[in-house]
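See structure below.
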There are 2 protein chains.
Amino acid sequence: MQATKKATYQHVRDEVVNRIQNRDWPPGAILPTEVELAKEFGCARATVNRAMRELAEQGIVDRKRKSGTRVVVMPVKQAKLEITPVRQSVEEQNGEYRYNLVRREILPCPDWLASKLALPARSPVMYLQCMHYGDNQPFQFEERWINIAAVPKVVEADLETLGPGEWLLREVPFTDAEIVFSAVAADKTLSEFLGTPVGSPVFQMERTTWFQGQPVTLVRFSHHPGYRMSTRY
Amino acid sequence: MQATKKATYQHVRDEVVNRIQNRDWPPGAILPTEVELAKEFGCARATVNRAMRELAEQGIVDRKRKSGTRVVVMPVKQAKLEITPVRQSVEEQNGEYRYNLVRREILPCPDWLASKLALPARSPVMYLQCMHYGDNQPFQFEERWINIAAVPKVVEADLETLGPGEWLLREVPFTDAEIVFSAVAADKTLSEFLGTPVGSPVFQMERTTWFQGQPVTLVRFSHHPGYRMSTRY
DNA sequence: CAGTGGTCTAGACCACGGT
DNA sequence: CCGTGGTCTAGACCACTGG
């Protein structure tokens, strides 16, 4: 029964996963303690601890002091979405990336934005419209508001060649973000930029970012028709 | 300068994050070695190692043997999506959940599905249509195909009260999944079930799951108009 | 109070990959 | 080659929490 060869934390982790999947330890069951598992696998407790800690992070088991480790009954699956710059997304699909700055102006913060970002009314923001192309086909329309107080340097930035997304990524190490995905109908602007009929479904991603509590930027990406965002776990 | 009080891995981790955010260690910079950091913080190397390992998992630093640890230049942000059962989503929004099984039949696997799941042609699958309501408003329309060979018991399952999603979650510990998000236009069926005009934008999530390499189910969720999927990081 | 996981230590050996 | 991270160990103390 004892583990045969090596006792790496990965072996322990995988073996435990197997037993859970095979219902040796059914949902809701309590697993042996770390000391017991360490004895069985012939390794140190720290090794078992690391293995179990990974499983807890994955949401497969639930650990509580004194109670012990329990197999989660209805695991909440976590999918990781990788938020990559547009350029990278396009180039990973072997596409030729092209970027165009459509509009750039500084204006007083509209009320809805001030409310959303908790900014003083009419504080200055930079408003941008950009288009991203893959193989000369519309890929993504970008609409962005930047809180100038948070990034004063942006007023002098050259955003013609490097997109605002990549520029900000280099300049401001934002720490926190909220992301919202939705499906909307194309209005006239989207229709023209994305080359799709008015009213057709558009996949949107809206992201608000902060740096140490201070709002930095809100950006709305509207994707070309047929766009699919995928992931695995 | 040395760290003052405690030297938990969290203190080390947070302090390193601070220095990176403050540009003490700018993007691309090489950090001190684990031994050096351990000395500075007055702790064991294992403690530093755990701190740095977490940062590497988060994609903030990049670690290579011999080369050392480097601040990632353009971090690929990872957003975690929690995939919860519909019932839970509704109830978390204080909504009253209701479920209805619309259609249930066993039929030979259509070609597109056989192709997608790498199933033998015309192998039997169960096809389901379900509606999920929140506060008696349409929340989500579910269309699902289940590979009967993978889950024979499903033919005897009572899916009237418990939805197929929750039933499967209890019966089959699937291990792998692919998820695709998209925006589509409502066809006649979706229009009727979701109470939205034909052609209006619908947010869809399509998920295919496997258990140890064997395809289990493909499900397509079509959400009510105005649905927004959000997350933070 | 006592059992369980959470963490730290000091040391050791290993594996990868630049030089 | 040899410096760096990757991992394991044996032991210790702590922190939370159920009984």
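Following the order of the structure tokens, first chain is A, next is B, and so on, with residues numbered from 1 inside each chain and ligands from 1 in the order they appear.
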Taking only C-alpha atoms (C1' of nucleotides) into account, report as a ChimeraX atom specification which residues of chain A lie within 12 Å of chain C.
/A:31-36,45-46,48-50,52-53,56,62-69
Restricting it to C-alpha atoms, dump the selection as a compact mmCIF listing (two decimals), in the first residue's frame.
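That gives us result-v2.txt:
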# COMPACT_ATOMS: atom_id res chain seq x y z
CA LEU A 31 -9.10 12.74 4.68
CA PRO A 32 -6.38 11.37 6.92
CA THR A 33 -4.39 13.95 8.81
CA GLU A 34 -1.15 15.29 7.48
CA VAL A 35 0.81 13.18 9.93
CA GLU A 36 -0.96 10.02 8.81
CA ARG A 45 4.73 16.47 6.86
CA ALA A 46 5.80 19.61 5.05
CA VAL A 48 2.12 16.54 2.46
CA ASN A 49 1.25 20.05 3.55
CA ARG A 50 2.35 21.55 0.28
CA MET A 52 -2.76 19.54 0.26
CA ARG A 53 -2.36 23.28 0.17
CA ALA A 56 -7.16 23.56 -1.24
CA ASP A 62 -11.47 22.28 2.27
CA ARG A 63 -9.14 22.55 5.23
CA LYS A 64 -9.92 23.64 8.73
CA ARG A 65 -7.84 23.48 11.85
CA LYS A 66 -8.95 20.85 14.24
CA SER A 67 -11.64 19.60 11.84
CA GLY A 68 -9.20 18.31 9.29
CA THR A 69 -9.32 18.14 5.50
### Message
Using only C-alpha atoms (C1' of nucleotides) and a distance of at most 9 Å, pull out the residues of chain D that contact chain A, as a list in words.
### Response
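Residues of chain D within 9 Å of chain A, counting only C-alpha atoms (C1' of nucleotides): DT7, DC8, DT9, DA10, DA15, DC16, DT17 and DG18 of chain D.
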Any idea what's packed within 12 Å of Leu113 of chain A, counting only C-alpha atoms (C1' of nucleotides), ignoring anything in its chain fewer than 3 positions away? Could you give it as a PyMOL selection string? chain A and resi 107-110+116-127+144-147+208+215-219
Selection export as a PDB file, in the first residue's frame, atoms kept: N, CA and C atoms:
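Below is the file result24.pdb, written as the result:
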ATOM      1  N   LEU A 107     -11.299  66.148 -21.663  1.00  0.00           N
ATOM      2  CA  LEU A 107     -12.595  66.753 -21.370  1.00  0.00           C
ATOM      3  C   LEU A 107     -12.928  66.558 -19.900  1.00  0.00           C
ATOM      4  N   PRO A 108     -13.877  67.360 -19.427  1.00  0.00           N
ATOM      5  CA  PRO A 108     -14.303  67.170 -18.046  1.00  0.00           C
ATOM      6  C   PRO A 108     -15.030  65.841 -17.898  1.00  0.00           C
ATOM      7  N   CYS A 109     -14.740  65.203 -16.828  1.00  0.00           N
ATOM      8  CA  CYS A 109     -15.275  63.878 -16.549  1.00  0.00           C
ATOM      9  C   CYS A 109     -16.801  63.885 -16.613  1.00  0.00           C
ATOM     10  N   PRO A 110     -17.392  63.074 -17.496  1.00  0.00           N
ATOM     11  CA  PRO A 110     -18.858  62.990 -17.505  1.00  0.00           C
ATOM     12  C   PRO A 110     -19.372  62.434 -16.174  1.00  0.00           C
ATOM     13  N   LYS A 116     -18.954  56.441 -11.265  1.00  0.00           N
ATOM     14  CA  LYS A 116     -18.430  55.074 -11.308  1.00  0.00           C
ATOM     15  C   LYS A 116     -17.042  54.967 -10.685  1.00  0.00           C
ATOM     16  N   LEU A 117     -16.206  55.980 -10.941  1.00  0.00           N
ATOM     17  CA  LEU A 117     -14.824  55.935 -10.448  1.00  0.00           C
ATOM     18  C   LEU A 117     -14.646  56.692  -9.134  1.00  0.00           C
ATOM     19  N   ALA A 118     -15.719  57.277  -8.630  1.00  0.00           N
ATOM     20  CA  ALA A 118     -15.610  58.082  -7.404  1.00  0.00           C
ATOM     21  C   ALA A 118     -14.612  59.216  -7.615  1.00  0.00           C
ATOM     22  N   LEU A 119     -14.767  59.913  -8.733  1.00  0.00           N
ATOM     23  CA  LEU A 119     -13.904  61.046  -9.046  1.00  0.00           C
ATOM     24  C   LEU A 119     -14.657  62.346  -8.758  1.00  0.00           C
ATOM     25  N   PRO A 120     -13.924  63.440  -8.482  1.00  0.00           N
ATOM     26  CA  PRO A 120     -14.580  64.740  -8.347  1.00  0.00           C
ATOM     27  C   PRO A 120     -15.283  65.090  -9.656  1.00  0.00           C
ATOM     28  N   ALA A 121     -16.429  65.747  -9.549  1.00  0.00           N
ATOM     29  CA  ALA A 121     -17.173  66.110 -10.751  1.00  0.00           C
ATOM     30  C   ALA A 121     -16.317  66.968 -11.679  1.00  0.00           C
ATOM     31  N   ARG A 122     -16.375  66.663 -12.947  1.00  0.00           N
ATOM     32  CA  ARG A 122     -15.718  67.466 -13.975  1.00  0.00           C
ATOM     33  C   ARG A 122     -14.203  67.491 -13.855  1.00  0.00           C
ATOM     34  N   SER A 123     -13.630  66.569 -13.116  1.00  0.00           N
ATOM     35  CA  SER A 123     -12.163  66.490 -13.118  1.00  0.00           C
ATOM     36  C   SER A 123     -11.719  66.020 -14.502  1.00  0.00           C
ATOM     37  N   PRO A 124     -10.552  66.435 -14.922  1.00  0.00           N
ATOM     38  CA  PRO A 124     -10.152  66.192 -16.317  1.00  0.00           C
ATOM     39  C   PRO A 124      -9.825  64.725 -16.592  1.00  0.00           C
ATOM     40  N   VAL A 125     -10.334  64.260 -17.703  1.00  0.00           N
ATOM     41  CA  VAL A 125     -10.006  62.909 -18.158  1.00  0.00           C
ATOM     42  C   VAL A 125      -9.628  62.970 -19.634  1.00  0.00           C
ATOM     43  N   MET A 126      -8.822  62.027 -20.039  1.00  0.00           N
ATOM     44  CA  MET A 126      -8.526  61.908 -21.460  1.00  0.00           C
ATOM     45  C   MET A 126      -9.420  60.838 -22.045  1.00  0.00           C
ATOM     46  N   TYR A 127     -10.083  61.198 -23.142  1.00  0.00           N
ATOM     47  CA  TYR A 127     -10.977  60.260 -23.805  1.00  0.00           C
ATOM     48  C   TYR A 127     -10.359  59.810 -25.119  1.00  0.00           C
ATOM     49  N   ARG A 144     -11.761  54.512 -24.317  1.00  0.00           N
ATOM     50  CA  ARG A 144     -11.055  54.551 -23.030  1.00  0.00           C
ATOM     51  C   ARG A 144     -11.105  55.931 -22.399  1.00  0.00           C
ATOM     52  N   TRP A 145     -11.256  55.933 -21.086  1.00  0.00           N
ATOM     53  CA  TRP A 145     -11.170  57.157 -20.303  1.00  0.00           C
ATOM     54  C   TRP A 145     -10.013  57.015 -19.308  1.00  0.00           C
ATOM     55  N   ILE A 146      -9.149  57.987 -19.267  1.00  0.00           N
ATOM     56  CA  ILE A 146      -8.003  57.935 -18.360  1.00  0.00           C
ATOM     57  C   ILE A 146      -8.092  59.086 -17.368  1.00  0.00           C
ATOM     58  N   ASN A 147      -7.941  58.757 -16.114  1.00  0.00           N
ATOM     59  CA  ASN A 147      -7.939  59.747 -15.048  1.00  0.00           C
ATOM     60  C   ASN A 147      -6.604  60.494 -15.045  1.00  0.00           C
ATOM     61  N   THR A 208     -12.200  48.279 -15.412  1.00  0.00           N
ATOM     62  CA  THR A 208     -11.827  49.442 -14.617  1.00  0.00           C
ATOM     63  C   THR A 208     -10.633  49.068 -13.763  1.00  0.00           C
ATOM     64  N   PRO A 215      -8.411  55.472  -8.888  1.00  0.00           N
ATOM     65  CA  PRO A 215      -8.852  55.012 -10.206  1.00  0.00           C
ATOM     66  C   PRO A 215      -7.921  55.503 -11.311  1.00  0.00           C
ATOM     67  N   VAL A 216      -7.607  54.617 -12.224  1.00  0.00           N
ATOM     68  CA  VAL A 216      -6.661  54.956 -13.284  1.00  0.00           C
ATOM     69  C   VAL A 216      -7.362  55.090 -14.621  1.00  0.00           C
ATOM     70  N   THR A 217      -8.064  54.035 -15.001  1.00  0.00           N
ATOM     71  CA  THR A 217      -8.666  54.076 -16.330  1.00  0.00           C
ATOM     72  C   THR A 217      -9.852  53.127 -16.421  1.00  0.00           C
ATOM     73  N   LEU A 218     -10.756  53.478 -17.308  1.00  0.00           N
ATOM     74  CA  LEU A 218     -11.865  52.587 -17.647  1.00  0.00           C
ATOM     75  C   LEU A 218     -11.807  52.390 -19.157  1.00  0.00           C
ATOM     76  N   VAL A 219     -11.847  51.141 -19.565  1.00  0.00           N
ATOM     77  CA  VAL A 219     -11.748  50.864 -20.997  1.00  0.00           C
ATOM     78  C   VAL A 219     -12.835  49.884 -21.398  1.00  0.00           C
TER      79      VAL A 219
END
*asked:* At a cut-off of 8 Å, which residues of chain B touch chain A? Count only C-alpha atoms and give the answer as a PyMOL selection string.
replied: chain B and resi 21+73-74+76-84+169-170+173+176-185+199-203+226-233
Next on the checklist: If DSSP is run on the backbone, what residues of segment 17-203 of chain B are strand (DSSP E)? A reply as a VMD selection string would be ideal.
Outcome noted: chain B and resid 61 to 64 68 to 71 77 to 83 97 to 108 124 to 134 137 to 147 176 to 185 201 to 203
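All residues of protein, DNA or RNA that reach within 9 Å of Gln140 of chain B, judged by only C-alpha atoms (C1' of nucleotides) and not counting those fewer than 5 positions away in the chain, are Val86, Cys130, Met131, His132, Tyr133, Gly134, Phe193, Leu194, Phe221, Ser222, His223 and His224 of chain B.
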From the list B:Val16, B:Val61, B:Leu55, B:Ala149, the nearest residue to Leu37 of chain B using only C-alpha atoms is B:Val16
All alpha helix (DSSP H) residues (DSSP, backbone) inside segment 1-230 of chain B, as a VMD selection string:
chain B and resid 9 to 21 34 to 41 45 to 57 86 to 92 111 to 117 164 to 171 188 to 194
For a quick check of understanding, using only C-alpha atoms, which of A:Ala114, A:Glu105, A:Phe139, A:Trp210 has the smallest distance to Val151 of chain A?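 Using only C-alpha atoms, the shortest distance to Val151 of chain A belongs to A:Trp210.
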